[in-house]
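Asks: Following this message is one structure expressed as structure tokens.
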Amino acid sequence: MRRFVSLVFSLLILSGLYWYIDIYALKEVLLKSDSVWLMTGIGMVIPITMLTALRLVWMVPGKNQIRYLESLRLILAASVMNMVLPSKMGDLAKSLFMVRENGMSEAQSLSLVMFEKISDLLALLFWCALGLFFVKHNHWIHWLIPFTVLTGLFLGFTLLISTNLIKYFFWLLHVLMPKRIEEKIISFEDGWIEMQNYLIKEKTRFGGIMIYSLFLWLLHLSQIWIFIMTLNVSVPYLDNLALAPLAILIGLLPFTLAGIGTRDAAFVFIFSSYFTAATGAALGLMATTRYIVPAIIGTPFFSSYVHTLNNKRLQSKN
């Protein structure tokens, strides 16, 4: 039902968006796009995915290390779920697969994936804040966005390193969540603190992971900029660094499937001072390929993981 509601929201937003823009102008923009730039942008999906798999290997605590190829398969398999779930929640599927394949507990694997997602979010917010520092602001609300981004950076980083804050967070979960899942919350808290202590103890590794995450998101945002070049329009790189993360963050809102609709509309309106609505819609379509290509490649791996899980559940029942 939730997926159906998300699909309806996506279709409604897309319908409104394409009613707002000139559909024939969109067709012209796509036909005039530069094929070399387009293939370069789409092709960047491959190195970005491969480098992301390397970070996952790096983040796993030593006693539960996974091989690089296994990490790559996990990320590609999760990409399939990201196409049907909002907010890239398909990444959480990796935690379930890691429990089965690498001997981690559910709490350990979930904590690892959540650390990965938070480091991603912090890296995206960092580049957004840096870009917004250089973009000219002529309205008070434009200053509210950098303040909000910097606040998010502070809270996210504190969540990763502060044991006291995380204990308060889990205390709130104990108060707000039903009693029947209390044991799972306790287990998740233990796994989170274990992961937190591990990374804080390994300061060099923790710092390296954060810098590496910044590098990964610089590649992602460069990919968006290449798509802009594909459409034969000019946007300064620093402006793209500030504005593209805002569109991506809006696409992560938990209303639509894989951000389809919300992300497209965000590109249209956020970049409205740089190019036409039709060009913004075309950019939204190209940005969606960043999710479609890994999902297509990951389909066989996802099917294999699901098949393995089903077999093990049947064996446990027998």
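Within each chain, counting starts at residue 1; across the structure tokens, chains are named A, B, ... in the order shown, with ligands numbered 1 upward in that order.
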Sort by chain and increasing residue number a table of all residues of segment 96-167 of chain A within 12 Å of segment 205-228 of chain A, each with its closest pair of atoms and their distance in Å to one decimal, counting only C-alpha atoms, and write it as a tab-separated table.
Replies:
```
residue	atom	partner	partner_atom	distance
A:Phe115	CA	A:Ile209	CA	10.5
A:Glu116	CA	A:Ser213	CA	9.0
A:Lys117	CA	A:Ser213	CA	10.1
A:Ile118	CA	A:Ser213	CA	10.1
A:Ser119	CA	A:Met210	CA	6.4
A:Asp120	CA	A:Ser213	CA	6.1
A:Leu121	CA	A:Ser213	CA	9.2
A:Leu122	CA	A:Leu214	CA	8.3
A:Ala123	CA	A:Leu214	CA	4.8
A:Leu124	CA	A:Trp217	CA	6.1
A:Leu125	CA	A:Leu214	CA	9.7
A:Phe126	CA	A:Leu214	CA	7.8
A:Trp127	CA	A:Leu218	CA	7.5
A:Cys128	CA	A:Leu221	CA	9.8
A:Leu130	CA	A:Leu218	CA	11.6
A:Gly131	CA	A:Leu221	CA	11.2
A:Phe157	CA	A:Met210	CA	10.1
A:Leu160	CA	A:Phe206	CA	10.1
A:Ile161	CA	A:Phe206	CA	10.0
```
Asks: Write out the residues from the selection above, keeping N, CA and C atoms, as a PDB file, in the first residue's frame.
Replies:
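In the end it all went to again_2.pdb:
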```pdb
ATOM      1  N   PHE A 115      25.334   4.112   9.312  1.00  0.00           N
ATOM      2  CA  PHE A 115      26.545   4.935   9.322  1.00  0.00           C
ATOM      3  C   PHE A 115      26.912   5.340   7.898  1.00  0.00           C
ATOM      4  N   GLU A 116      26.782   4.409   6.973  1.00  0.00           N
ATOM      5  CA  GLU A 116      27.087   4.690   5.575  1.00  0.00           C
ATOM      6  C   GLU A 116      26.159   5.780   5.024  1.00  0.00           C
ATOM      7  N   LYS A 117      24.854   5.678   5.328  1.00  0.00           N
ATOM      8  CA  LYS A 117      23.896   6.657   4.826  1.00  0.00           C
ATOM      9  C   LYS A 117      24.128   8.035   5.444  1.00  0.00           C
ATOM     10  N   ILE A 118      24.470   8.073   6.729  1.00  0.00           N
ATOM     11  CA  ILE A 118      24.714   9.365   7.379  1.00  0.00           C
ATOM     12  C   ILE A 118      25.970  10.016   6.824  1.00  0.00           C
ATOM     13  N   SER A 119      27.024   9.237   6.589  1.00  0.00           N
ATOM     14  CA  SER A 119      28.247   9.798   5.999  1.00  0.00           C
ATOM     15  C   SER A 119      27.966  10.339   4.611  1.00  0.00           C
ATOM     16  N   ASP A 120      27.086   9.666   3.859  1.00  0.00           N
ATOM     17  CA  ASP A 120      26.668  10.170   2.555  1.00  0.00           C
ATOM     18  C   ASP A 120      25.953  11.510   2.689  1.00  0.00           C
ATOM     19  N   LEU A 121      25.015  11.572   3.622  1.00  0.00           N
ATOM     20  CA  LEU A 121      24.246  12.797   3.820  1.00  0.00           C
ATOM     21  C   LEU A 121      25.146  13.956   4.234  1.00  0.00           C
ATOM     22  N   LEU A 122      26.097  13.687   5.136  1.00  0.00           N
ATOM     23  CA  LEU A 122      27.012  14.735   5.585  1.00  0.00           C
ATOM     24  C   LEU A 122      27.874  15.247   4.435  1.00  0.00           C
ATOM     25  N   ALA A 123      28.336  14.341   3.586  1.00  0.00           N
ATOM     26  CA  ALA A 123      29.161  14.749   2.443  1.00  0.00           C
ATOM     27  C   ALA A 123      28.349  15.620   1.488  1.00  0.00           C
ATOM     28  N   LEU A 124      27.105  15.228   1.232  1.00  0.00           N
ATOM     29  CA  LEU A 124      26.237  16.006   0.342  1.00  0.00           C
ATOM     30  C   LEU A 124      25.981  17.397   0.928  1.00  0.00           C
ATOM     31  N   LEU A 125      25.708  17.465   2.232  1.00  0.00           N
ATOM     32  CA  LEU A 125      25.468  18.752   2.887  1.00  0.00           C
ATOM     33  C   LEU A 125      26.721  19.623   2.870  1.00  0.00           C
ATOM     34  N   PHE A 126      27.893  19.013   3.000  1.00  0.00           N
ATOM     35  CA  PHE A 126      29.147  19.779   2.983  1.00  0.00           C
ATOM     36  C   PHE A 126      29.309  20.511   1.656  1.00  0.00           C
ATOM     37  N   TRP A 127      29.150  19.779   0.542  1.00  0.00           N
ATOM     38  CA  TRP A 127      29.329  20.412  -0.774  1.00  0.00           C
ATOM     39  C   TRP A 127      28.245  21.455  -1.015  1.00  0.00           C
ATOM     40  N   CYS A 128      27.036  21.197  -0.513  1.00  0.00           N
ATOM     41  CA  CYS A 128      25.959  22.171  -0.645  1.00  0.00           C
ATOM     42  C   CYS A 128      26.311  23.460   0.108  1.00  0.00           C
ATOM     43  N   LEU A 130      29.294  24.529   0.965  1.00  0.00           N
ATOM     44  CA  LEU A 130      30.432  25.182   0.313  1.00  0.00           C
ATOM     45  C   LEU A 130      29.979  25.963  -0.915  1.00  0.00           C
ATOM     46  N   GLY A 131      29.126  25.342  -1.728  1.00  0.00           N
ATOM     47  CA  GLY A 131      28.628  26.026  -2.910  1.00  0.00           C
ATOM     48  C   GLY A 131      27.779  27.234  -2.570  1.00  0.00           C
ATOM     49  N   PHE A 157      26.990  15.030  12.189  1.00  0.00           N
ATOM     50  CA  PHE A 157      28.335  14.658  12.634  1.00  0.00           C
ATOM     51  C   PHE A 157      28.333  14.327  14.122  1.00  0.00           C
ATOM     52  N   LEU A 160      27.166  10.888  14.802  1.00  0.00           N
ATOM     53  CA  LEU A 160      28.152   9.847  14.533  1.00  0.00           C
ATOM     54  C   LEU A 160      29.165   9.680  15.661  1.00  0.00           C
ATOM     55  N   ILE A 161      29.520  10.771  16.339  1.00  0.00           N
ATOM     56  CA  ILE A 161      30.637  10.698  17.282  1.00  0.00           C
ATOM     57  C   ILE A 161      30.233  10.837  18.748  1.00  0.00           C
TER      58      ILE A 161
END
```
Asks: Could you give me, as a PyMOL selection string, the residues within 9 Å of Leu56 of chain A, counting only C-alpha atoms and dropping anything in the same chain fewer than 3 positions from it?
Replies: chain A and resi 52-53+59-60+66+68+71-72+75+112-113+116
Asks: Which residue gives the smallest distance to Lys136 of chain A among A:Glu189, A:Asp91, A:Asp239, A:Glu106, with only C-alpha atoms counted?
Replies: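 Closest to Lys136 of chain A of all the choices is A:Asp239.
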Asks: With only C-alpha atoms as the basis for distance, which of A:Ser33, A:Ser6, A:Thr299, A:Ser272 is at the shortest distance from Leu243 of chain A?
Replies: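 Among the listed residues, A:Ser272 lies closest to Leu243 of chain A.
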Asks: So which residues touch segment 166-168 of chain A within 12 Å, counting only C-alpha atoms, skipping near sequence neighbours fewer than 6 positions away, as a ChimeraX atom specification?
Replies: /A:155-160,174-175,185-186,188-197
Asks: Compile the contact shell of Ala247 of chain A as a list in words: residues with an atom at most 12 Å away, counting only C-alpha atoms, same-chain residues fewer than 5 positions apart removed.
Replies: Leu124, Leu125, Cys128, Leu221, Ile224, Asn240, Leu241, Ala242, Leu252, Leu253, Gly259, Ile260, Gly261, Thr262, Arg263, Asp264, Ala265, Ala266, Phe267, Val268, Phe269, Ile270, Phe271, Gly280, Leu283, Gly284, Ala287 and Thr288 of chain A
Asks: Convert the current residue selection to file output with N, CA and C atoms, as a JSON list (two decimals), in the first residue's frame.
Replies:
```json
[["chain", "number", "residue", "atom", "x", "y", "z"],
["A", 124, "LEU", "N", 27.10, 15.23, 1.23],
["A", 124, "LEU", "CA", 26.24, 16.01, 0.34],
["A", 124, "LEU", "C", 25.98, 17.40, 0.93],
["A", 125, "LEU", "N", 25.71, 17.47, 2.23],
["A", 125, "LEU", "CA", 25.47, 18.75, 2.89],
["A", 125, "LEU", "C", 26.72, 19.62, 2.87],
["A", 128, "CYS", "N", 27.04, 21.20, -0.51],
["A", 128, "CYS", "CA", 25.96, 22.17, -0.64],
["A", 128, "CYS", "C", 26.31, 23.46, 0.11],
["A", 221, "LEU", "N", 28.01, 14.93, -7.93],
["A", 221, "LEU", "CA", 27.61, 16.28, -8.33],
["A", 221, "LEU", "C", 28.25, 16.68, -9.65],
["A", 224, "ILE", "N", 26.01, 15.32, -12.30],
["A", 224, "ILE", "CA", 24.88, 16.21, -12.57],
["A", 224, "ILE", "C", 25.32, 17.36, -13.47],
["A", 240, "ASN", "N", 26.31, 24.85, -9.40],
["A", 240, "ASN", "CA", 25.80, 23.48, -9.44],
["A", 240, "ASN", "C", 26.08, 22.76, -8.12],
["A", 241, "LEU", "N", 27.26, 23.04, -7.55],
["A", 241, "LEU", "CA", 27.64, 22.42, -6.28],
["A", 241, "LEU", "C", 26.68, 22.83, -5.16],
["A", 242, "ALA", "N", 26.14, 24.04, -5.25],
["A", 242, "ALA", "CA", 25.22, 24.52, -4.23],
["A", 242, "ALA", "C", 23.79, 24.04, -4.46],
["A", 252, "LEU", "N", 14.83, 12.98, -1.91],
["A", 252, "LEU", "CA", 14.89, 11.98, -0.85],
["A", 252, "LEU", "C", 13.69, 12.04, 0.09],
["A", 253, "LEU", "N", 12.84, 13.05, -0.09],
["A", 253, "LEU", "CA", 11.64, 13.12, 0.76],
["A", 253, "LEU", "C", 10.80, 11.86, 0.55],
["A", 259, "GLY", "N", 12.25, 9.05, -5.58],
["A", 259, "GLY", "CA", 12.34, 10.49, -5.78],
["A", 259, "GLY", "C", 11.81, 10.97, -7.12],
["A", 260, "ILE", "N", 11.21, 10.06, -7.91],
["A", 260, "ILE", "CA", 10.70, 10.44, -9.22],
["A", 260, "ILE", "C", 9.51, 11.38, -9.05],
["A", 261, "GLY", "N", 9.58, 12.51, -9.65],
["A", 261, "GLY", "CA", 8.54, 13.53, -9.51],
["A", 261, "GLY", "C", 9.04, 14.69, -8.67],
["A", 262, "THR", "N", 9.33, 14.42, -7.40],
["A", 262, "THR", "CA", 9.82, 15.49, -6.53],
["A", 262, "THR", "C", 11.18, 16.00, -7.00],
["A", 263, "ARG", "N", 12.06, 15.08, -7.37],
["A", 263, "ARG", "CA", 13.39, 15.49, -7.84],
["A", 263, "ARG", "C", 13.29, 16.24, -9.17],
["A", 264, "ASP", "N", 12.44, 15.77, -10.07],
["A", 264, "ASP", "CA", 12.26, 16.43, -11.36],
["A", 264, "ASP", "C", 11.75, 17.86, -11.17],
["A", 265, "ALA", "N", 10.74, 18.01, -10.32],
["A", 265, "ALA", "CA", 10.19, 19.34, -10.06],
["A", 265, "ALA", "C", 11.24, 20.25, -9.42],
["A", 266, "ALA", "N", 12.06, 19.66, -8.54],
["A", 266, "ALA", "CA", 13.09, 20.46, -7.87],
["A", 266, "ALA", "C", 14.11, 20.99, -8.88],
["A", 267, "PHE", "N", 14.51, 20.17, -9.83],
["A", 267, "PHE", "CA", 15.45, 20.65, -10.85],
["A", 267, "PHE", "C", 14.84, 21.79, -11.67],
["A", 268, "VAL", "N", 13.54, 21.68, -11.97],
["A", 268, "VAL", "CA", 12.88, 22.71, -12.76],
["A", 268, "VAL", "C", 12.88, 24.05, -12.03],
["A", 269, "PHE", "N", 12.50, 24.04, -10.75],
["A", 269, "PHE", "CA", 12.31, 25.29, -10.03],
["A", 269, "PHE", "C", 13.61, 25.82, -9.42],
["A", 270, "ILE", "N", 14.49, 24.95, -8.96],
["A", 270, "ILE", "CA", 15.73, 25.42, -8.34],
["A", 270, "ILE", "C", 16.66, 26.05, -9.38],
["A", 271, "PHE", "N", 16.66, 25.50, -10.59],
["A", 271, "PHE", "CA", 17.53, 26.01, -11.65],
["A", 271, "PHE", "C", 16.77, 26.93, -12.61],
["A", 280, "GLY", "N", 15.01, 21.93, -17.41],
["A", 280, "GLY", "CA", 15.03, 21.38, -16.07],
["A", 280, "GLY", "C", 14.39, 20.01, -16.00],
["A", 283, "LEU", "N", 16.76, 17.55, -17.44],
["A", 283, "LEU", "CA", 17.81, 17.26, -16.46],
["A", 283, "LEU", "C", 17.30, 16.26, -15.42],
["A", 284, "GLY", "N", 16.04, 16.41, -15.01],
["A", 284, "GLY", "CA", 15.46, 15.46, -14.07],
["A", 284, "GLY", "C", 15.41, 14.05, -14.62],
["A", 287, "ALA", "N", 18.94, 12.69, -14.57],
["A", 287, "ALA", "CA", 19.36, 12.37, -13.20],
["A", 287, "ALA", "C", 18.77, 11.05, -12.73],
["A", 288, "THR", "N", 17.59, 10.70, -13.22],
["A", 288, "THR", "CA", 16.96, 9.44, -12.84],
["A", 288, "THR", "C", 17.73, 8.24, -13.36]]
```
Asks: Which is closer to Ala282 of chain A than all the others in A:Arg73, A:Tyr237, A:Asn232, A:Ile200, using only C-alpha atoms?
Replies: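 Ranked by minimum distance to Ala282 of chain A, first place goes to A:Asn232.
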Asks: Which value, in Å to one decimal, gives the distance between atom CA of Val80 of chain A and atom CA of Ser105 of chain A?
Replies: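 Taking atom CA of Val80 of chain A and atom CA of Ser105 of chain A, their separation equals 23.2 Å.
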Asks: Which neighbours of Ser304 of chain A fall inside 12 Å, counting only C-alpha atoms, when residues of the same chain fewer than 5 positions from it are skipped, and could you give them as a PyMOL selection string?
Replies: chain A and resi 73-74+76-77+97+101+298-299+309-311
Asks: One decimal, Å: what's the distance from atom CA of Gly43 of chain A over to atom CA of Leu96 of chain A, could you say?
Replies: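 Computing it gives 29.0 Å between the two atoms.
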Asks: Can you list, as a list in words, every protein, DNA or RNA residue that comes within 10 Å of Ile46 of chain A when you count only C-alpha atoms, leaving out same-chain residues fewer than 5 positions away?
Replies: Leu51, Thr52, Arg290, Val293, Pro294 and Ile297 of chain A
Asks: With DSSP run on the backbone, what are the helix (DSSP H, G or I) residues within segment 84-294 of chain A? I'd like them as a ChimeraX atom specification.
Replies: /A:86-102,106-134,140-161,163-176,179-201,203-230,237-251,257-259,262-270,277-294
Asks: To one decimal place, how far is atom CA of Thr279 of chain A from atom CA of Leu30 of chain A in Å?
Replies: 8.3 Å
